[in-house]
$ cat target_19.cif   # mmCIF, C-alpha atoms and all ligand atoms
data_final
loop_
_atom_site.label_atom_id
_atom_site.label_comp_id
_atom_site.auth_asym_id
_atom_site.auth_seq_id
_atom_site.Cartn_x
_atom_site.Cartn_y
_atom_site.Cartn_z
CA MET H 1 19.72 -24.55 -7.56
CA SER H 2 16.55 -23.03 -8.96
CA GLU H 3 15.50 -19.53 -8.00
CA LEU H 4 12.39 -20.93 -6.32
CA ARG H 5 14.46 -23.32 -4.22
CA ARG H 6 16.88 -20.56 -3.19
CA ALA H 7 13.96 -18.36 -2.16
CA ALA H 8 12.29 -21.21 -0.28
CA ASP H 9 15.49 -21.99 1.64
CA ALA H 10 15.97 -18.36 2.64
CA LEU H 11 12.38 -18.10 3.79
CA ARG H 12 12.47 -21.33 5.77
CA HIS H 13 15.56 -20.26 7.75
CA ALA H 14 14.48 -16.67 8.37
CA GLY H 15 13.63 -15.53 11.89
CA LYS H 16 12.64 -12.01 10.90
CA ILE H 17 10.75 -11.43 7.68
CA VAL H 18 9.60 -8.14 6.19
CA VAL H 19 6.92 -8.33 3.53
CA PHE H 20 7.00 -5.22 1.36
CA THR H 21 3.95 -4.80 -0.87
CA GLY H 22 2.78 -2.53 -3.67
CA ALA H 23 -0.09 -2.12 -6.09
CA GLY H 24 0.55 -5.51 -7.73
CA ILE H 25 -0.82 -7.45 -4.75
CA SER H 26 -4.05 -5.40 -4.59
CA ALA H 27 -4.50 -5.54 -8.36
CA GLU H 28 -5.31 -9.25 -8.02
CA SER H 29 -8.20 -8.26 -5.73
CA GLY H 30 -9.52 -6.00 -8.48
CA ILE H 31 -8.18 -2.69 -7.15
CA PRO H 32 -6.73 -0.75 -10.09
CA THR H 33 -3.25 0.67 -9.77
CA PHE H 34 -2.95 4.43 -9.86
CA ARG H 35 -1.39 4.25 -13.27
CA ASP H 36 -4.48 2.64 -14.72
CA GLU H 37 -7.01 4.83 -16.43
CA LEU H 38 -10.00 5.69 -14.30
CA THR H 39 -13.36 4.14 -15.07
CA GLY H 40 -17.02 5.14 -14.88
CA LEU H 41 -17.82 8.59 -13.60
CA TRP H 42 -14.15 9.35 -13.16
CA SER H 43 -12.94 8.39 -16.61
CA MET H 44 -12.65 12.04 -17.67
CA TYR H 45 -10.04 12.75 -15.00
CA ASP H 46 -6.32 12.17 -14.90
CA PRO H 47 -5.67 10.47 -11.53
CA GLN H 48 -2.41 12.35 -11.10
CA ARG H 49 -4.38 15.62 -11.20
CA LEU H 50 -6.67 14.48 -8.37
CA GLU H 51 -3.90 13.27 -6.07
CA THR H 52 -2.27 16.53 -5.08
CA ALA H 53 -2.70 19.11 -2.32
CA ASN H 54 -3.23 21.75 -5.00
CA ALA H 55 -6.14 19.83 -6.49
CA PHE H 56 -7.70 19.63 -3.03
CA ARG H 57 -7.18 23.34 -2.44
CA GLU H 58 -8.84 24.16 -5.74
CA ASN H 59 -11.75 21.76 -5.45
CA PRO H 60 -11.98 19.96 -2.10
CA ALA H 61 -15.39 18.44 -2.85
CA LEU H 62 -14.17 16.87 -6.08
CA VAL H 63 -11.05 15.34 -4.53
CA TRP H 64 -12.88 14.22 -1.37
CA SER H 65 -15.53 12.50 -3.50
CA PHE H 66 -12.88 10.82 -5.64
CA TYR H 67 -11.41 9.24 -2.50
CA LEU H 68 -14.84 8.21 -1.21
CA TRP H 69 -15.22 6.34 -4.48
CA ARG H 70 -11.77 4.75 -4.18
CA ARG H 71 -12.52 3.75 -0.60
CA ARG H 72 -15.73 2.03 -1.70
CA GLN H 73 -13.77 0.16 -4.41
CA ALA H 74 -11.34 -1.02 -1.75
CA LYS H 75 -14.14 -1.99 0.65
CA GLU H 76 -15.82 -4.09 -2.03
CA ALA H 77 -12.57 -5.91 -2.80
CA LYS H 78 -11.57 -8.96 -0.79
CA PRO H 79 -8.10 -10.04 0.33
CA ASN H 80 -6.74 -12.56 -2.18
CA LEU H 81 -4.63 -15.67 -1.69
CA ALA H 82 -1.43 -13.61 -1.64
CA HIS H 83 -2.68 -11.52 1.31
CA LEU H 84 -3.75 -14.70 3.11
CA LEU H 85 -0.41 -16.40 2.49
CA VAL H 86 1.44 -13.35 3.82
CA GLN H 87 -0.63 -13.63 6.99
CA SER H 88 0.09 -17.35 7.23
CA LEU H 89 3.82 -16.62 7.58
CA GLU H 90 3.16 -15.46 11.12
CA SER H 91 4.06 -18.19 13.54
CA SER H 92 5.66 -18.51 16.94
CA ARG H 93 9.19 -18.76 15.62
CA ARG H 94 8.96 -16.10 12.95
CA GLN H 95 8.60 -12.38 13.37
CA VAL H 96 6.74 -10.97 10.40
CA SER H 97 6.05 -7.34 9.62
CA VAL H 98 4.32 -5.88 6.59
CA ILE H 99 5.33 -2.59 4.99
CA THR H 100 2.79 -1.61 2.37
CA GLN H 101 2.58 1.19 -0.13
CA ASN H 102 -1.12 0.44 -0.58
CA ILE H 103 -3.80 2.65 0.94
CA ASP H 104 -6.40 -0.14 1.16
CA ASP H 105 -6.84 -2.38 4.21
CA LEU H 106 -6.56 -5.78 2.55
CA HIS H 107 -3.62 -6.87 4.74
CA GLU H 108 -5.61 -5.96 7.85
CA ARG H 109 -8.62 -7.88 6.60
CA ALA H 110 -6.43 -10.89 5.82
CA GLY H 111 -5.42 -10.89 9.51
CA SER H 112 -1.87 -9.53 9.40
CA THR H 113 -1.07 -7.80 12.69
CA ASP H 114 2.07 -5.70 12.20
CA ILE H 115 1.45 -3.35 9.26
CA ILE H 116 3.08 -0.06 8.32
CA HIS H 117 1.25 2.06 5.72
CA LEU H 118 3.97 4.09 4.02
CA HIS H 119 1.50 6.04 1.90
CA GLY H 120 -1.29 6.42 4.45
CA SER H 121 -4.74 4.87 4.45
CA LEU H 122 -8.14 5.49 2.90
CA ASN H 123 -9.73 4.85 6.29
CA VAL H 124 -8.03 7.55 8.34
CA PRO H 125 -8.74 11.07 7.08
CA LYS H 126 -6.84 13.98 8.58
CA CYS H 127 -7.30 17.71 8.86
CA PHE H 128 -5.93 19.71 5.92
CA ALA H 129 -5.14 22.59 8.30
CA CYS H 130 -3.89 21.07 11.57
CA HIS H 131 -3.05 17.56 10.27
CA ARG H 132 -4.76 15.74 13.15
CA PRO H 133 -6.22 12.38 12.18
CA ALA H 134 -10.02 12.23 12.37
CA GLU H 135 -12.48 9.44 12.98
CA LEU H 136 -15.57 9.39 10.83
CA ALA H 137 -18.82 7.49 11.23
CA PRO H 138 -19.42 4.92 8.48
CA GLU H 139 -22.22 7.02 6.92
CA GLN H 140 -19.79 9.91 6.45
CA PHE H 141 -17.83 7.71 4.05
CA ALA H 142 -20.93 7.16 1.87
CA VAL H 143 -20.35 7.88 -1.81
CA PRO H 144 -22.72 10.63 -3.03
CA ALA H 145 -25.61 9.09 -4.95
CA HIS H 146 -26.12 11.87 -7.48
CA GLY H 147 -23.33 13.75 -9.14
CA LEU H 148 -19.75 13.48 -8.07
CA GLU H 149 -19.31 16.02 -5.37
CA LYS H 150 -19.70 16.10 -1.63
CA GLU H 151 -18.04 18.62 0.67
CA PRO H 152 -15.49 17.08 3.06
CA PRO H 153 -16.47 17.09 6.75
CA ARG H 154 -14.85 19.60 9.10
CA CYS H 155 -12.18 19.04 11.76
CA GLU H 156 -13.59 18.98 15.30
CA ARG H 157 -10.59 20.87 16.63
CA CYS H 158 -10.02 23.71 14.20
CA ASN H 159 -12.92 23.51 11.72
CA GLY H 160 -10.47 22.95 8.86
CA ARG H 161 -11.49 20.67 6.02
CA LEU H 162 -10.76 16.99 6.36
CA ARG H 163 -8.67 15.48 3.58
CA PRO H 164 -7.88 11.86 2.75
CA GLY H 165 -5.09 10.54 5.00
CA VAL H 166 -2.98 9.44 2.07
CA VAL H 167 0.37 10.66 0.77
CA TRP H 168 -0.11 12.76 -2.35
CA PHE H 169 2.40 13.53 -5.10
CA LYS H 170 5.29 15.63 -3.78
CA GLU H 171 4.35 15.04 -0.12
CA ASP H 172 6.69 13.50 2.44
CA LEU H 173 5.99 10.08 3.89
CA PRO H 174 4.64 10.02 7.46
CA VAL H 175 7.76 10.26 9.64
CA GLY H 176 6.84 7.50 12.07
CA ALA H 177 5.94 5.06 9.29
CA TRP H 178 9.17 5.74 7.42
CA LYS H 179 11.34 5.34 10.53
CA GLY H 180 9.60 2.12 11.46
CA ALA H 181 10.02 0.79 7.93
CA LEU H 182 13.75 1.60 7.93
CA THR H 183 14.27 -0.17 11.26
CA ASN H 184 12.40 -3.27 10.11
CA ALA H 185 14.22 -3.33 6.76
CA ARG H 186 17.63 -3.10 8.43
CA GLU H 187 16.88 -5.86 10.94
CA CYS H 188 15.23 -8.52 8.79
CA ASP H 189 16.75 -11.75 7.46
CA VAL H 190 14.50 -11.87 4.40
CA LEU H 191 12.64 -9.10 2.64
CA LEU H 192 9.85 -10.42 0.44
CA SER H 193 8.93 -7.67 -2.02
CA ILE H 194 5.60 -8.27 -3.75
CA GLY H 195 4.09 -6.34 -6.65
CA THR H 196 6.08 -3.15 -6.24
CA SER H 197 7.14 -1.21 -9.30
CA GLY H 198 10.37 0.01 -7.72
CA VAL H 199 9.91 3.50 -9.14
CA VAL H 200 8.06 5.37 -6.38
CA THR H 201 10.76 6.74 -4.12
CA PRO H 202 11.66 6.81 -1.30
CA ALA H 203 9.55 3.67 -0.75
CA ALA H 204 11.48 1.92 -3.53
CA ASP H 205 14.63 2.22 -1.42
CA ILE H 206 13.32 -0.24 1.19
CA PRO H 207 14.54 -3.41 -0.61
CA VAL H 208 17.90 -1.75 -1.32
CA ILE H 209 18.30 -0.85 2.36
CA ALA H 210 17.43 -4.39 3.49
CA HIS H 211 19.84 -5.84 0.93
CA SER H 212 22.67 -3.52 2.01
CA ALA H 213 22.08 -4.57 5.62
CA GLY H 214 22.58 -8.23 4.68
CA ALA H 215 19.06 -9.53 4.10
CA THR H 216 18.10 -11.83 1.26
CA VAL H 217 15.66 -9.99 -0.99
CA ILE H 218 13.01 -12.02 -2.82
CA HIS H 219 11.14 -10.12 -5.53
CA VAL H 220 7.75 -11.33 -6.73
CA ASN H 221 6.60 -9.34 -9.73
CA LEU H 222 5.10 -9.65 -13.20
CA GLU H 223 8.36 -8.24 -14.58
CA ASP H 224 12.02 -8.63 -13.66
CA VAL H 225 12.69 -5.83 -11.15
CA SER H 226 15.84 -7.25 -9.57
CA LEU H 227 18.86 -5.11 -8.83
CA GLU H 228 21.17 -8.06 -9.58
CA GLY H 229 22.63 -8.23 -6.11
CA GLU H 230 24.17 -11.38 -4.71
CA ASN H 231 21.52 -12.19 -2.11
CA GLU H 232 18.65 -11.52 -4.40
CA VAL H 233 16.08 -13.81 -5.99
CA MET H 234 13.68 -12.81 -8.76
CA LEU H 235 10.43 -14.78 -9.12
CA VAL H 236 8.42 -13.60 -12.11
CA GLY H 237 4.66 -14.16 -12.10
CA LYS H 238 1.41 -13.30 -10.38
CA ALA H 239 1.71 -12.84 -6.62
CA THR H 240 -1.00 -15.43 -5.85
CA GLU H 241 0.62 -18.10 -8.02
CA VAL H 242 4.25 -17.42 -7.14
CA LEU H 243 3.60 -17.27 -3.40
CA ALA H 244 1.60 -20.51 -3.48
CA SER H 245 4.54 -22.32 -5.14
CA LEU H 246 7.10 -20.63 -2.93
CA PHE H 247 5.35 -21.46 0.33
CA GLU H 248 4.79 -25.03 -0.76
CA ALA H 249 8.49 -25.38 -1.61
CA ALA H 250 9.40 -23.87 1.79
CA GLY H 251 6.99 -26.16 3.61
CA ILE H 252 5.09 -23.22 5.14
ZN ZN H 301 -7.89 20.67 12.31
#
$ encode --input "target_19.cif" --output "structure tokens"
Amino acid sequence: MSELRRAADALRHAGKIVVFTGAGISAESGIPTFRDELTGLWSMYDPQRLETANAFRENPALVWSFYLWRRRQAKEAKPNLAHLLVQSLESSRRQVSVITQNIDDLHERAGSTDIIHLHGSLNVPKCFACHRPAELAPEQFAVPAHGLEKEPPRCERCNGRLRPGVVWFKEDLPVGAWKGALTNARECDVLLSIGTSGVVTPAADIPVIAHSAGATVIHVNLEDVSLEGENEVMLVGKATEVLASLFEAAGI
């Protein structure tokens, strides 16, 4: 039986599906992965040097402005066919949850309803001092017109600086998100892993945990990222193209 057929059969018979997504799915909407070189005004910076708490401590305006720019990139992008197909899995007899490593809101905008953001979100800043999430008015997210830098707004509770609500290098994942992801991974029949590099831990453990708990794991990636387990299927290709073939084969 072909890999596609095996994957389609597993998907068709699954009651609980977890869709686990990474940068690869957003890349097809034009959002660069964090390993890509930065463009335009930001091309002189190394992204890894802007995505740390130390960088924010040293130059909060620079880091805040960098994330305003990334948020605008994400806002200008549109959900692609892969996001829409993920949403279309939701039906009365299937329970579908999304666990994403992406900080954009493309799954939300595609209409998915149950989404865990393992690495936080560009849309929910939090206080650097007291960690409370903060709501900002749309104009506060405006990218500065001249120059790169804009001071972050202040926390209403403690007057600390607001920081992007994303997980930076060396930071722990949000506890609630991680616990929820573990529960969903352990309980699902099929884990559909799309566009994840498998190198950013502990997020990369999610497919392993689902597999150990008895789920069939379907990988969709530009490269072979399989762990060579028994209940594992590797579909190599672009997320939009592979998912379109897979869902057609499964009759979804
Ligand atoms: Zn605060």
$ closest_atom_pairs --input "target_19.cif" --of "stretch 150-246 of chain H" --to "stretch 7-10 of chain H" --cutoff "10 Å" --atoms "all atoms listed in the file" --output "JSON lines"
{"residue": "H:Asp189", "atom": "CA", "partner": "H:Ala10", "partner_atom": "CA", "distance": 8.2}
{"residue": "H:Val190", "atom": "CA", "partner": "H:Ala10", "partner_atom": "CA", "distance": 6.9}
{"residue": "H:Leu191", "atom": "CA", "partner": "H:Ala10", "partner_atom": "CA", "distance": 9.8}
{"residue": "H:Leu192", "atom": "CA", "partner": "H:Ala7", "partner_atom": "CA", "distance": 9.3}
{"residue": "H:Ala215", "atom": "CA", "partner": "H:Ala10", "partner_atom": "CA", "distance": 9.5}
{"residue": "H:Thr216", "atom": "CA", "partner": "H:Ala10", "partner_atom": "CA", "distance": 7.0}
{"residue": "H:Val217", "atom": "CA", "partner": "H:Ala7", "partner_atom": "CA", "distance": 8.6}
{"residue": "H:Ile218", "atom": "CA", "partner": "H:Ala7", "partner_atom": "CA", "distance": 6.4}
{"residue": "H:His219", "atom": "CA", "partner": "H:Ala7", "partner_atom": "CA", "distance": 9.3}
{"residue": "H:Asn231", "atom": "CA", "partner": "H:Ala10", "partner_atom": "CA", "distance": 9.6}
{"residue": "H:Glu232", "atom": "CA", "partner": "H:Ala7", "partner_atom": "CA", "distance": 8.6}
{"residue": "H:Val233", "atom": "CA", "partner": "H:Ala7", "partner_atom": "CA", "distance": 6.3}
{"residue": "H:Met234", "atom": "CA", "partner": "H:Ala7", "partner_atom": "CA", "distance": 8.6}
{"residue": "H:Leu235", "atom": "CA", "partner": "H:Ala7", "partner_atom": "CA", "distance": 8.6}
{"residue": "H:Ser245", "atom": "CA", "partner": "H:Ala8", "partner_atom": "CA", "distance": 9.2}
{"residue": "H:Leu246", "atom": "CA", "partner": "H:Ala8", "partner_atom": "CA", "distance": 5.9}
$ closest_atom_pairs --input "target_19.cif" --of "chain H" --to "ligand ZN 301 (chain H)" --cutoff "10 Å" --atoms "only C-alpha atoms and all ligand atoms" --output "tab-separated table"
residue	atom	partner	partner_atom	distance
H:Lys126	CA	H:ZN301	ZN	7.7
H:Cys127	CA	H:ZN301	ZN	4.6
H:Phe128	CA	H:ZN301	ZN	6.8
H:Ala129	CA	H:ZN301	ZN	5.2
H:Cys130	CA	H:ZN301	ZN	4.1
H:His131	CA	H:ZN301	ZN	6.1
H:Arg132	CA	H:ZN301	ZN	5.9
H:Pro133	CA	H:ZN301	ZN	8.5
H:Ala134	CA	H:ZN301	ZN	8.7
H:Arg154	CA	H:ZN301	ZN	7.7
H:Cys155	CA	H:ZN301	ZN	4.6
H:Glu156	CA	H:ZN301	ZN	6.7
H:Arg157	CA	H:ZN301	ZN	5.1
H:Cys158	CA	H:ZN301	ZN	4.2
H:Asn159	CA	H:ZN301	ZN	5.8
H:Gly160	CA	H:ZN301	ZN	4.9
H:Arg161	CA	H:ZN301	ZN	7.2
H:Leu162	CA	H:ZN301	ZN	7.6
$ closest_atom_pairs --input "target_19.cif" --of "stretch 113-200 of chain H" --to "stretch 45-59 of chain H" --cutoff "12 Å" --atoms "all atoms listed in the file" --output "CSV"
residue,atom,partner,partner_atom,distance
H:Phe128,CA,H:Ala53,CA,8.9
H:Ala129,CA,H:Arg57,CA,11.0
H:Leu148,CA,H:Asn59,CA,11.8
H:Glu149,CA,H:Asn59,CA,9.5
H:Lys150,CA,H:Asn59,CA,10.5
H:Glu151,CA,H:Asn59,CA,9.3
H:Pro152,CA,H:Phe56,CA,10.2
H:Gly160,CA,H:Arg57,CA,11.8
H:Arg161,CA,H:Arg57,CA,9.9
H:Leu162,CA,H:Phe56,CA,10.2
H:Arg163,CA,H:Phe56,CA,7.9
H:Pro164,CA,H:Phe56,CA,9.7
H:Gly165,CA,H:Glu51,CA,11.5
H:Val166,CA,H:Glu51,CA,9.0
H:Val167,CA,H:Glu51,CA,8.5
H:Trp168,CA,H:Thr52,CA,5.1
H:Phe169,CA,H:Thr52,CA,5.6
H:Lys170,CA,H:Thr52,CA,7.7
H:Glu171,CA,H:Thr52,CA,8.4
H:Asp172,CA,H:Ala53,CA,11.9
$ closest_residue --input "target_19.cif" --among "H:Leu84, H:Ile17, H:Ile209, H:Leu122" --to "H:Phe141" --atoms "all atoms listed in the file"
H:Leu122
$ closest_residue --input "target_19.cif" --among "H:Ser88, H:Ser97, H:Gln140, H:Asn221" --to "H:Ser65" --atoms "all atoms listed in the file"
H:Gln140
$ closest_residue --input "target_19.cif" --among "H:Glu228, H:Glu187, H:Glu90, H:Glu76" --to "H:Leu106" --atoms "all atoms listed in the file"
H:Glu76
$ closest_residue --input "target_19.cif" --among "H:Gly22, H:Arg12, H:Val175, H:Ala74" --to "H:Val220" --atoms "all atoms listed in the file"
H:Gly22
$ residues_near_point --input "target_19.cif" --point "(10.5, 1.8, -1.4)" --cutoff "12 Å" --atoms "all atoms listed in the file" --output "PyMOL selection string"
chain H and resi 19-22+99-102+117-119+173+178+181-182+185+191+193-210
$ residues_around --input "target_19.cif" --residues "H:Gln95" --least-positions-apart "5" --cutoff "9 Å" --atoms "all atoms listed in the file" --output "mmCIF file with C-alpha atoms, in the coordinates of the input"
data_model
loop_
_atom_site.group_PDB
_atom_site.id
_atom_site.type_symbol
_atom_site.label_atom_id
_atom_site.label_comp_id
_atom_site.auth_asym_id
_atom_site.auth_seq_id
_atom_site.Cartn_x
_atom_site.Cartn_y
_atom_site.Cartn_z
ATOM 1 C CA ALA H 14 14.480 -16.670 8.370
ATOM 2 C CA GLY H 15 13.630 -15.530 11.890
ATOM 3 C CA LYS H 16 12.640 -12.010 10.900
ATOM 4 C CA ILE H 17 10.750 -11.430 7.680
ATOM 5 C CA VAL H 18 9.600 -8.140 6.190
ATOM 6 C CA LEU H 89 3.820 -16.620 7.580
ATOM 7 C CA GLU H 90 3.160 -15.460 11.120
ATOM 8 C CA CYS H 188 15.230 -8.520 8.790
#
$ atom_distance --input "target_19.cif" --atom1 "atom CA of H:Ile25" --atom2 "atom CA of H:Lys78"
11.6 Å
$ residues_near_point --input "target_19.cif" --point "(-17.2, 3.6, 0.6)" --cutoff "10 Å" --atoms "all atoms listed in the file" --output "PDB file with C-alpha atoms, keeping the file's coordinate frame"
ATOM      1  CA  SER H  65     -15.530  12.500  -3.500  1.00  0.00           C
ATOM      2  CA  TYR H  67     -11.410   9.240  -2.500  1.00  0.00           C
ATOM      3  CA  LEU H  68     -14.840   8.210  -1.210  1.00  0.00           C
ATOM      4  CA  TRP H  69     -15.220   6.340  -4.480  1.00  0.00           C
ATOM      5  CA  ARG H  70     -11.770   4.750  -4.180  1.00  0.00           C
ATOM      6  CA  ARG H  71     -12.520   3.750  -0.600  1.00  0.00           C
ATOM      7  CA  ARG H  72     -15.730   2.030  -1.700  1.00  0.00           C
ATOM      8  CA  GLN H  73     -13.770   0.160  -4.410  1.00  0.00           C
ATOM      9  CA  ALA H  74     -11.340  -1.020  -1.750  1.00  0.00           C
ATOM     10  CA  LYS H  75     -14.140  -1.990   0.650  1.00  0.00           C
ATOM     11  CA  GLU H  76     -15.820  -4.090  -2.030  1.00  0.00           C
ATOM     12  CA  LEU H 122      -8.140   5.490   2.900  1.00  0.00           C
ATOM     13  CA  ASN H 123      -9.730   4.850   6.290  1.00  0.00           C
ATOM     14  CA  PRO H 138     -19.420   4.920   8.480  1.00  0.00           C
ATOM     15  CA  GLU H 139     -22.220   7.020   6.920  1.00  0.00           C
ATOM     16  CA  GLN H 140     -19.790   9.910   6.450  1.00  0.00           C
ATOM     17  CA  PHE H 141     -17.830   7.710   4.050  1.00  0.00           C
ATOM     18  CA  ALA H 142     -20.930   7.160   1.870  1.00  0.00           C
ATOM     19  CA  VAL H 143     -20.350   7.880  -1.810  1.00  0.00           C
ATOM     20  CA  PRO H 144     -22.720  10.630  -3.030  1.00  0.00           C
TER      21      PRO H 144
END
$ closest_residue --input "target_19.cif" --among "H:Glu28, H:Gly147, H:Ala77, H:Trp64" --to "H:Pro125" --atoms "all atoms listed in the file"
H:Trp64
$ atom_distance --input "target_19.cif" --atom1 "atom CA of H:Gly237" --atom2 "atom CA of H:His13"
23.5 Å
$ residues_around --input "target_19.cif" --residues "H:Leu243" --least-positions-apart "3" --cutoff "10 Å" --atoms "all atoms listed in the file" --output "list in words"
Leu4, Leu81, Ala82, His83, Leu85, Val86, Ile194, Val220, Leu235, Gly237, Lys238, Ala239, Thr240, Leu246, Phe247, Glu248 and Ala249 of chain H
$ atom_distance --input "target_19.cif" --atom1 "atom CA of H:Gln87" --atom2 "atom CA of H:Ile115"
10.7 Å
